[in-house]
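Quick look at coords.cif (mmCIF, C-alpha atoms):
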data_model
loop_
_atom_site.label_atom_id
_atom_site.label_comp_id
_atom_site.auth_asym_id
_atom_site.auth_seq_id
_atom_site.Cartn_x
_atom_site.Cartn_y
_atom_site.Cartn_z
CA LYS A 1 0.00 0.00 0.00
CA PHE A 2 3.05 2.27 0.40
CA ASN A 3 6.18 2.65 -1.63
CA ASP A 4 9.70 1.70 -0.53
CA ASP A 5 9.97 4.67 1.84
CA LEU A 6 8.34 2.64 4.62
CA LYS A 7 10.74 2.31 7.56
CA ILE A 8 10.30 -0.47 10.11
CA TYR A 9 12.23 -0.95 13.34
CA ASN A 10 11.79 -3.90 15.68
CA PRO A 11 14.40 -4.05 18.48
CA LYS A 12 15.43 -7.66 19.18
CA PHE A 13 17.65 -9.66 21.48
CA GLN A 14 19.51 -12.74 20.34
CA THR A 15 19.83 -15.69 22.70
CA LYS A 16 22.34 -18.49 22.36
CA LEU A 17 21.92 -21.70 24.32
CA LYS A 18 24.61 -24.37 24.19
CA MET A 19 23.35 -27.93 24.53
CA LYS A 20 25.94 -30.68 24.14
CA ASN A 21 27.55 -30.02 20.75
CA LYS A 22 24.82 -27.72 19.40
CA THR A 23 24.26 -24.01 19.76
CA ILE A 24 20.62 -23.00 19.55
CA VAL A 25 20.09 -19.39 18.46
CA ASN A 26 16.76 -17.62 19.04
CA GLU A 27 15.48 -14.10 18.52
CA MET A 28 13.29 -12.34 21.07
CA SER A 29 11.52 -9.10 20.26
CA LEU A 30 11.81 -6.45 22.97
CA LEU A 31 8.30 -5.20 22.22
CA GLY A 32 6.56 -8.54 21.66
CA ASP A 33 4.05 -8.19 18.81
CA TYR A 34 4.66 -4.45 18.40
CA LEU A 35 7.12 -2.63 16.16
CA PHE A 36 7.84 0.91 15.01
CA CYS A 37 6.73 1.84 11.53
CA TYR A 38 7.31 5.20 9.81
CA HIS A 39 6.07 6.63 6.55
CA GLU A 40 5.48 10.22 5.54
CA ASN A 41 1.83 9.39 4.76
CA PHE A 42 1.15 8.45 8.40
CA LYS A 43 0.75 12.16 9.10
CA ASN A 44 -2.62 11.77 7.42
CA PRO A 45 -4.97 9.85 9.77
CA ASN A 46 -6.82 8.32 6.82
CA SER A 47 -3.69 6.43 5.75
CA THR A 48 -3.51 4.56 9.07
CA ASN A 49 -7.23 3.87 8.90
CA LEU A 50 -6.67 2.12 5.56
CA LEU A 51 -4.01 -0.13 7.12
CA LYS A 52 -6.03 -1.10 10.20
CA PHE A 53 -7.75 -3.85 8.23
CA THR A 54 -4.60 -5.25 6.63
CA LYS A 55 -3.99 -8.90 7.41
CA GLY A 56 -1.46 -9.32 10.23
CA ILE A 57 -1.95 -5.87 11.78
CA LYS A 58 -3.61 -5.99 15.17
CA ASP A 59 -3.73 -2.30 16.04
CA PHE A 60 -2.21 1.13 15.68
CA ILE A 61 -1.46 2.79 18.98
CA ASN A 62 -3.17 6.17 19.20
CA GLY A 63 -1.32 9.20 20.51
CA TYR A 64 1.81 8.52 18.51
CA LYS A 65 1.79 12.06 17.10
CA SER A 66 2.18 13.67 20.51
CA SER A 67 4.89 11.18 21.53
CA GLN A 68 7.24 11.56 18.56
CA ASN A 69 10.17 12.88 20.63
CA ASP A 70 9.86 10.04 23.15
CA ILE A 71 9.65 7.46 20.37
CA LYS A 72 12.71 8.93 18.63
CA ASP A 73 14.69 8.95 21.91
CA PHE A 74 13.73 5.32 22.59
CA ILE A 75 14.78 4.19 19.11
CA ASP A 76 18.08 6.10 19.41
CA ARG A 77 18.74 4.41 22.75
CA CYS A 78 18.01 1.00 21.22
CA ARG A 79 20.30 1.65 18.25
CA LYS A 80 23.17 2.71 20.56
CA SER A 81 22.77 -0.57 22.47
CA GLU A 82 22.94 -2.83 19.39
CA ASN A 83 25.86 -5.08 18.59
CA GLY A 84 27.35 -5.45 15.09
CA GLU A 85 24.58 -7.85 14.05
CA GLY A 86 21.78 -5.44 15.01
CA TYR A 87 20.71 -7.16 18.23
CA LEU A 88 20.31 -5.37 21.54
CA THR A 89 22.85 -6.06 24.25
CA SER A 90 22.61 -5.65 28.00
CA LYS A 91 23.90 -2.08 27.51
CA PHE A 92 20.26 -1.27 26.81
CA TYR A 93 19.42 -1.51 30.51
CA ASP A 94 20.47 1.06 33.08
CA LEU A 95 22.31 -1.11 35.58
CA TYR A 96 22.58 0.07 39.16
CA GLU A 97 23.76 -1.65 42.29
CA ASN A 98 20.91 -3.03 44.43
CA SER A 99 18.54 -3.11 41.42
CA LYS A 100 16.59 -6.30 40.68
CA PHE A 101 16.22 -8.10 37.36
CA ARG A 102 14.82 -11.36 36.02
CA PHE A 103 16.82 -13.61 33.70
CA SER A 104 15.12 -14.14 30.32
CA THR A 105 17.48 -16.82 29.03
CA GLY A 106 19.90 -19.46 30.13
CA VAL A 107 19.93 -21.91 32.99
CA PHE A 108 18.57 -19.31 35.41
CA SER A 109 15.65 -18.30 33.16
CA ASN A 110 12.85 -16.59 35.16
CA PHE A 111 15.03 -16.37 38.30
CA ILE A 112 15.22 -12.98 40.02
CA PHE A 113 18.62 -11.59 40.96
CA LYS A 114 19.99 -8.49 42.63
CA ILE A 115 23.10 -6.65 41.41
CA THR A 116 25.55 -6.25 44.28
CA ASN A 117 28.58 -4.84 42.45
CA LEU A 118 29.19 -3.43 38.97
CA GLN A 119 32.51 -3.39 37.16
CA LYS A 120 33.39 -2.47 33.59
CA ASN A 121 32.46 -5.79 31.91
CA ARG A 122 31.41 -7.87 34.91
CA MET A 123 28.80 -7.77 37.62
CA ASN A 124 28.37 -9.53 40.92
CA ILE A 125 24.86 -10.71 41.58
CA LEU A 126 22.95 -12.30 44.39
CA LEU A 127 20.73 -15.14 43.20
CA GLY A 128 18.82 -16.22 46.29
CA ASN A 129 21.63 -17.02 48.74
CA LEU A 130 24.11 -17.70 45.94
CA LYS A 131 26.73 -15.06 45.07
CA VAL A 132 27.74 -15.17 41.40
CA SER A 133 30.12 -13.14 39.27
CA THR A 134 29.33 -13.01 35.54
CA GLU A 135 29.95 -11.00 32.39
CA LYS A 136 27.32 -8.33 31.67
CA GLU A 137 26.88 -9.46 28.06
CA LYS A 138 26.41 -13.14 28.92
CA PHE A 139 22.67 -13.14 29.69
CA ILE A 140 19.50 -11.35 28.70
CA PHE A 141 17.43 -10.03 31.57
CA ASN A 142 14.49 -7.73 32.23
CA ASN A 143 13.79 -5.03 34.81
CA ILE A 144 11.41 -5.87 37.59
#

Using the file provided, produce a representation of the structure as structure tokens.
Amino acid sequence: KFNDDLKIYNPKFQTKLKMKNKTIVNEMSLLGDYLFCYHENFKNPNSTNLLKFTKGIKDFINGYKSSQNDIKDFIDRCRKSENGEGYLTSKFYDLYENSKFRFSTGVFSNFIFKITNLQKNRMNILLGNLKVSTEKEKFIFNNI
């Protein structure tokens, strides 16, 4: 319905799980089913109304016009946190000591941990009663 000027951005994480001799690689979207889509014609409300009934589109979020600066800042922050392959890294999160997160991948998936000490590339965490030191880039985790 639109020409090639349509711009789509969907921030994703990449997970790698090693099992025996295999490495399983998965993609996880940061926004779930949502993504950012830009076209000059979206300034006209009728153009988004035409797309609402396109197969595969669930909804357009209203209020996007008044939130353009916030959306641009968020996308810029995502892009700065991407690795060379275009996937987000743990740099995306603002890490602070005593903050709590939940692992999204790995052996400790869905476990909650607390950051006890931050270093340049490593962090010390408290996982229940277990103290662990790990690389920041090793796991994907979410804020609580």

task: Decode the PyMOL selection byres ((chain A and resi 61) around 12) for the given file into explicit residues and return them as a list in words.
output: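 Selected by the PyMOL selection byres ((chain A and resi 61) around 12) here: Tyr34, Leu35, Phe36, Cys37, Thr48, Asn49, Lys52, Ile57, Lys58, Asp59, Phe60, Asn62, Gly63, Tyr64, Lys65, Ser66 and Ser67 of chain A.
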
- prompt: What gap, in Å, lies between CA of Asp70 in chain A and CA of Thr105 in chain A?
  reply: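 Separation of CA of Asp70 in chain A and CA of Thr105 in chain A: 28.5 Å.
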
Excluding Tyr96 in chain A and any residue of its chain fewer than 3 positions from it, enumerate the residues within 9 Å of it, using only C-alpha atoms, and give them as a tab-separated table (two decimals) with C-alpha atoms, in the coordinates of the input.
chain	number	residue	atom	x	y	z
A	99	SER	CA	18.54	-3.11	41.42
A	100	LYS	CA	16.59	-6.30	40.68
A	115	ILE	CA	23.10	-6.65	41.41
A	116	THR	CA	25.55	-6.25	44.28
A	117	ASN	CA	28.58	-4.84	42.45
A	118	LEU	CA	29.19	-3.43	38.97

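The space between CA of Ser104 in chain A and CA of Ser29 in chain A spans 11.8 Å.
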
query: Residues picked by the PyMOL selection byres ((chain A and resi 77-86) around 12) here, as a list of chain:residue names?
result: A:Tyr9, A:Asn10, A:Pro11, A:Lys12, A:Phe13, A:Gln14, A:Glu27, A:Leu30, A:Leu31, A:Phe36, A:Asp70, A:Ile71, A:Lys72, A:Asp73, A:Phe74, A:Ile75, A:Asp76, A:Tyr87, A:Leu88, A:Thr89, A:Ser90, A:Lys91, A:Phe92, A:Tyr93, A:Asp94, A:Glu137

- request: Just give me the gap between CA of Leu130 in chain A and CA of Met28 in chain A in Å, one decimal is fine.
  value: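 One can read the CA of Leu130 in chain A to CA of Met28 in chain A distance as 27.6 Å.
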
message: Please enumerate the residues selected by the PyMOL selection byres ((chain A and resi 41) around 12) when evaluated against the supplied file, formatted as a ChimeraX atom specification.
response: /A:1-3,5-7,37-40,42-51

message: From the options A:Ile140, A:Leu127, A:Phe111, A:Gly106, which residue's atoms come nearest to Ile24 in chain A, counting all atoms listed in the file?
response: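 For Ile24 in chain A, the nearest of the given residues is A:Gly106.
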
Reconstruct N, CA, C and O atoms of range 4-30 of chain A; output as a PDB file, in the frame of the given file.
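The resulting file, result20.pdb, is reproduced below:
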ATOM      1  N   ASP A   4       8.534   2.198  -1.256  1.00  0.00           N
ATOM      2  CA  ASP A   4       9.700   1.700  -0.530  1.00  0.00           C
ATOM      3  C   ASP A   4      10.180   2.617   0.597  1.00  0.00           C
ATOM      4  O   ASP A   4      11.148   2.299   1.270  1.00  0.00           O
ATOM      5  N   ASP A   5       9.542   3.746   0.794  1.00  0.00           N
ATOM      6  CA  ASP A   5       9.970   4.670   1.840  1.00  0.00           C
ATOM      7  C   ASP A   5       9.495   4.262   3.222  1.00  0.00           C
ATOM      8  O   ASP A   5       9.736   4.960   4.194  1.00  0.00           O
ATOM      9  N   LEU A   6       8.819   3.138   3.337  1.00  0.00           N
ATOM     10  CA  LEU A   6       8.340   2.640   4.620  1.00  0.00           C
ATOM     11  C   LEU A   6       9.530   2.174   5.447  1.00  0.00           C
ATOM     12  O   LEU A   6      10.354   1.390   4.983  1.00  0.00           O
ATOM     13  N   LYS A   7       9.641   2.677   6.671  1.00  0.00           N
ATOM     14  CA  LYS A   7      10.740   2.310   7.560  1.00  0.00           C
ATOM     15  C   LYS A   7      10.173   1.534   8.743  1.00  0.00           C
ATOM     16  O   LYS A   7       9.227   1.983   9.387  1.00  0.00           O
ATOM     17  N   ILE A   8      10.754   0.376   9.010  1.00  0.00           N
ATOM     18  CA  ILE A   8      10.300  -0.470  10.110  1.00  0.00           C
ATOM     19  C   ILE A   8      11.474  -0.729  11.042  1.00  0.00           C
ATOM     20  O   ILE A   8      12.590  -1.008  10.593  1.00  0.00           O
ATOM     21  N   TYR A   9      11.203  -0.635  12.344  1.00  0.00           N
ATOM     22  CA  TYR A   9      12.230  -0.950  13.340  1.00  0.00           C
ATOM     23  C   TYR A   9      11.622  -1.826  14.427  1.00  0.00           C
ATOM     24  O   TYR A   9      10.585  -1.496  14.999  1.00  0.00           O
ATOM     25  N   ASN A  10      12.245  -2.961  14.669  1.00  0.00           N
ATOM     26  CA  ASN A  10      11.790  -3.900  15.680  1.00  0.00           C
ATOM     27  C   ASN A  10      13.010  -4.316  16.506  1.00  0.00           C
ATOM     28  O   ASN A  10      13.783  -5.183  16.081  1.00  0.00           O
ATOM     29  N   PRO A  11      13.226  -3.701  17.675  1.00  0.00           N
ATOM     30  CA  PRO A  11      14.400  -4.050  18.480  1.00  0.00           C
ATOM     31  C   PRO A  11      14.315  -5.477  18.999  1.00  0.00           C
ATOM     32  O   PRO A  11      13.274  -5.896  19.514  1.00  0.00           O
ATOM     33  N   LYS A  12      15.407  -6.242  18.814  1.00  0.00           N
ATOM     34  CA  LYS A  12      15.430  -7.660  19.180  1.00  0.00           C
ATOM     35  C   LYS A  12      16.674  -8.007  19.967  1.00  0.00           C
ATOM     36  O   LYS A  12      17.718  -7.376  19.824  1.00  0.00           O
ATOM     37  N   PHE A  13      16.532  -9.030  20.794  1.00  0.00           N
ATOM     38  CA  PHE A  13      17.650  -9.660  21.480  1.00  0.00           C
ATOM     39  C   PHE A  13      17.924 -10.982  20.789  1.00  0.00           C
ATOM     40  O   PHE A  13      17.025 -11.615  20.248  1.00  0.00           O
ATOM     41  N   GLN A  14      19.165 -11.419  20.853  1.00  0.00           N
ATOM     42  CA  GLN A  14      19.510 -12.740  20.340  1.00  0.00           C
ATOM     43  C   GLN A  14      19.969 -13.585  21.524  1.00  0.00           C
ATOM     44  O   GLN A  14      20.778 -13.129  22.338  1.00  0.00           O
ATOM     45  N   THR A  15      19.428 -14.784  21.625  1.00  0.00           N
ATOM     46  CA  THR A  15      19.830 -15.690  22.700  1.00  0.00           C
ATOM     47  C   THR A  15      20.563 -16.875  22.095  1.00  0.00           C
ATOM     48  O   THR A  15      20.196 -17.359  21.017  1.00  0.00           O
ATOM     49  N   LYS A  16      21.592 -17.309  22.792  1.00  0.00           N
ATOM     50  CA  LYS A  16      22.340 -18.490  22.360  1.00  0.00           C
ATOM     51  C   LYS A  16      22.376 -19.449  23.544  1.00  0.00           C
ATOM     52  O   LYS A  16      22.770 -19.083  24.645  1.00  0.00           O
ATOM     53  N   LEU A  17      21.947 -20.674  23.294  1.00  0.00           N
ATOM     54  CA  LEU A  17      21.920 -21.700  24.320  1.00  0.00           C
ATOM     55  C   LEU A  17      22.743 -22.868  23.817  1.00  0.00           C
ATOM     56  O   LEU A  17      22.470 -23.398  22.731  1.00  0.00           O
ATOM     57  N   LYS A  18      23.763 -23.251  24.585  1.00  0.00           N
ATOM     58  CA  LYS A  18      24.610 -24.370  24.190  1.00  0.00           C
ATOM     59  C   LYS A  18      24.099 -25.638  24.865  1.00  0.00           C
ATOM     60  O   LYS A  18      23.957 -25.691  26.083  1.00  0.00           O
ATOM     61  N   MET A  19      23.797 -26.632  24.043  1.00  0.00           N
ATOM     62  CA  MET A  19      23.350 -27.930  24.530  1.00  0.00           C
ATOM     63  C   MET A  19      24.206 -28.988  23.850  1.00  0.00           C
ATOM     64  O   MET A  19      24.142 -29.146  22.630  1.00  0.00           O
ATOM     65  N   LYS A  20      25.007 -29.669  24.637  1.00  0.00           N
ATOM     66  CA  LYS A  20      25.940 -30.680  24.140  1.00  0.00           C
ATOM     67  C   LYS A  20      26.822 -30.062  23.063  1.00  0.00           C
ATOM     68  O   LYS A  20      27.570 -29.153  23.320  1.00  0.00           O
ATOM     69  N   ASN A  21      26.707 -30.530  21.834  1.00  0.00           N
ATOM     70  CA  ASN A  21      27.550 -30.020  20.750  1.00  0.00           C
ATOM     71  C   ASN A  21      26.839 -29.011  19.861  1.00  0.00           C
ATOM     72  O   ASN A  21      27.384 -28.576  18.853  1.00  0.00           O
ATOM     73  N   LYS A  22      25.609 -28.631  20.218  1.00  0.00           N
ATOM     74  CA  LYS A  22      24.820 -27.720  19.400  1.00  0.00           C
ATOM     75  C   LYS A  22      24.675 -26.368  20.079  1.00  0.00           C
ATOM     76  O   LYS A  22      24.605 -26.279  21.293  1.00  0.00           O
ATOM     77  N   THR A  23      24.594 -25.343  19.274  1.00  0.00           N
ATOM     78  CA  THR A  23      24.260 -24.010  19.760  1.00  0.00           C
ATOM     79  C   THR A  23      22.924 -23.631  19.143  1.00  0.00           C
ATOM     80  O   THR A  23      22.779 -23.581  17.923  1.00  0.00           O
ATOM     81  N   ILE A  24      21.951 -23.373  20.010  1.00  0.00           N
ATOM     82  CA  ILE A  24      20.620 -23.000  19.550  1.00  0.00           C
ATOM     83  C   ILE A  24      20.502 -21.482  19.646  1.00  0.00           C
ATOM     84  O   ILE A  24      20.709 -20.905  20.710  1.00  0.00           O
ATOM     85  N   VAL A  25      20.191 -20.842  18.527  1.00  0.00           N
ATOM     86  CA  VAL A  25      20.090 -19.390  18.460  1.00  0.00           C
ATOM     87  C   VAL A  25      18.630 -19.002  18.274  1.00  0.00           C
ATOM     88  O   VAL A  25      17.953 -19.520  17.381  1.00  0.00           O
ATOM     89  N   ASN A  26      18.142 -18.116  19.126  1.00  0.00           N
ATOM     90  CA  ASN A  26      16.760 -17.620  19.040  1.00  0.00           C
ATOM     91  C   ASN A  26      16.758 -16.104  19.033  1.00  0.00           C
ATOM     92  O   ASN A  26      17.670 -15.476  19.560  1.00  0.00           O
ATOM     93  N   GLU A  27      15.714 -15.542  18.474  1.00  0.00           N
ATOM     94  CA  GLU A  27      15.480 -14.100  18.520  1.00  0.00           C
ATOM     95  C   GLU A  27      14.292 -13.821  19.422  1.00  0.00           C
ATOM     96  O   GLU A  27      13.304 -14.554  19.381  1.00  0.00           O
ATOM     97  N   MET A  28      14.401 -12.773  20.223  1.00  0.00           N
ATOM     98  CA  MET A  28      13.290 -12.340  21.070  1.00  0.00           C
ATOM     99  C   MET A  28      13.066 -10.859  20.805  1.00  0.00           C
ATOM    100  O   MET A  28      14.002 -10.064  20.869  1.00  0.00           O
ATOM    101  N   SER A  29      11.849 -10.494  20.502  1.00  0.00           N
ATOM    102  CA  SER A  29      11.520  -9.100  20.260  1.00  0.00           C
ATOM    103  C   SER A  29      11.337  -8.387  21.598  1.00  0.00           C
ATOM    104  O   SER A  29      10.647  -8.888  22.486  1.00  0.00           O
ATOM    105  N   LEU A  30      11.933  -7.232  21.750  1.00  0.00           N
ATOM    106  CA  LEU A  30      11.810  -6.450  22.970  1.00  0.00           C
ATOM    107  C   LEU A  30      10.368  -6.013  23.190  1.00  0.00           C
ATOM    108  O   LEU A  30       9.890  -5.977  24.319  1.00  0.00           O
TER     109      LEU A  30
END
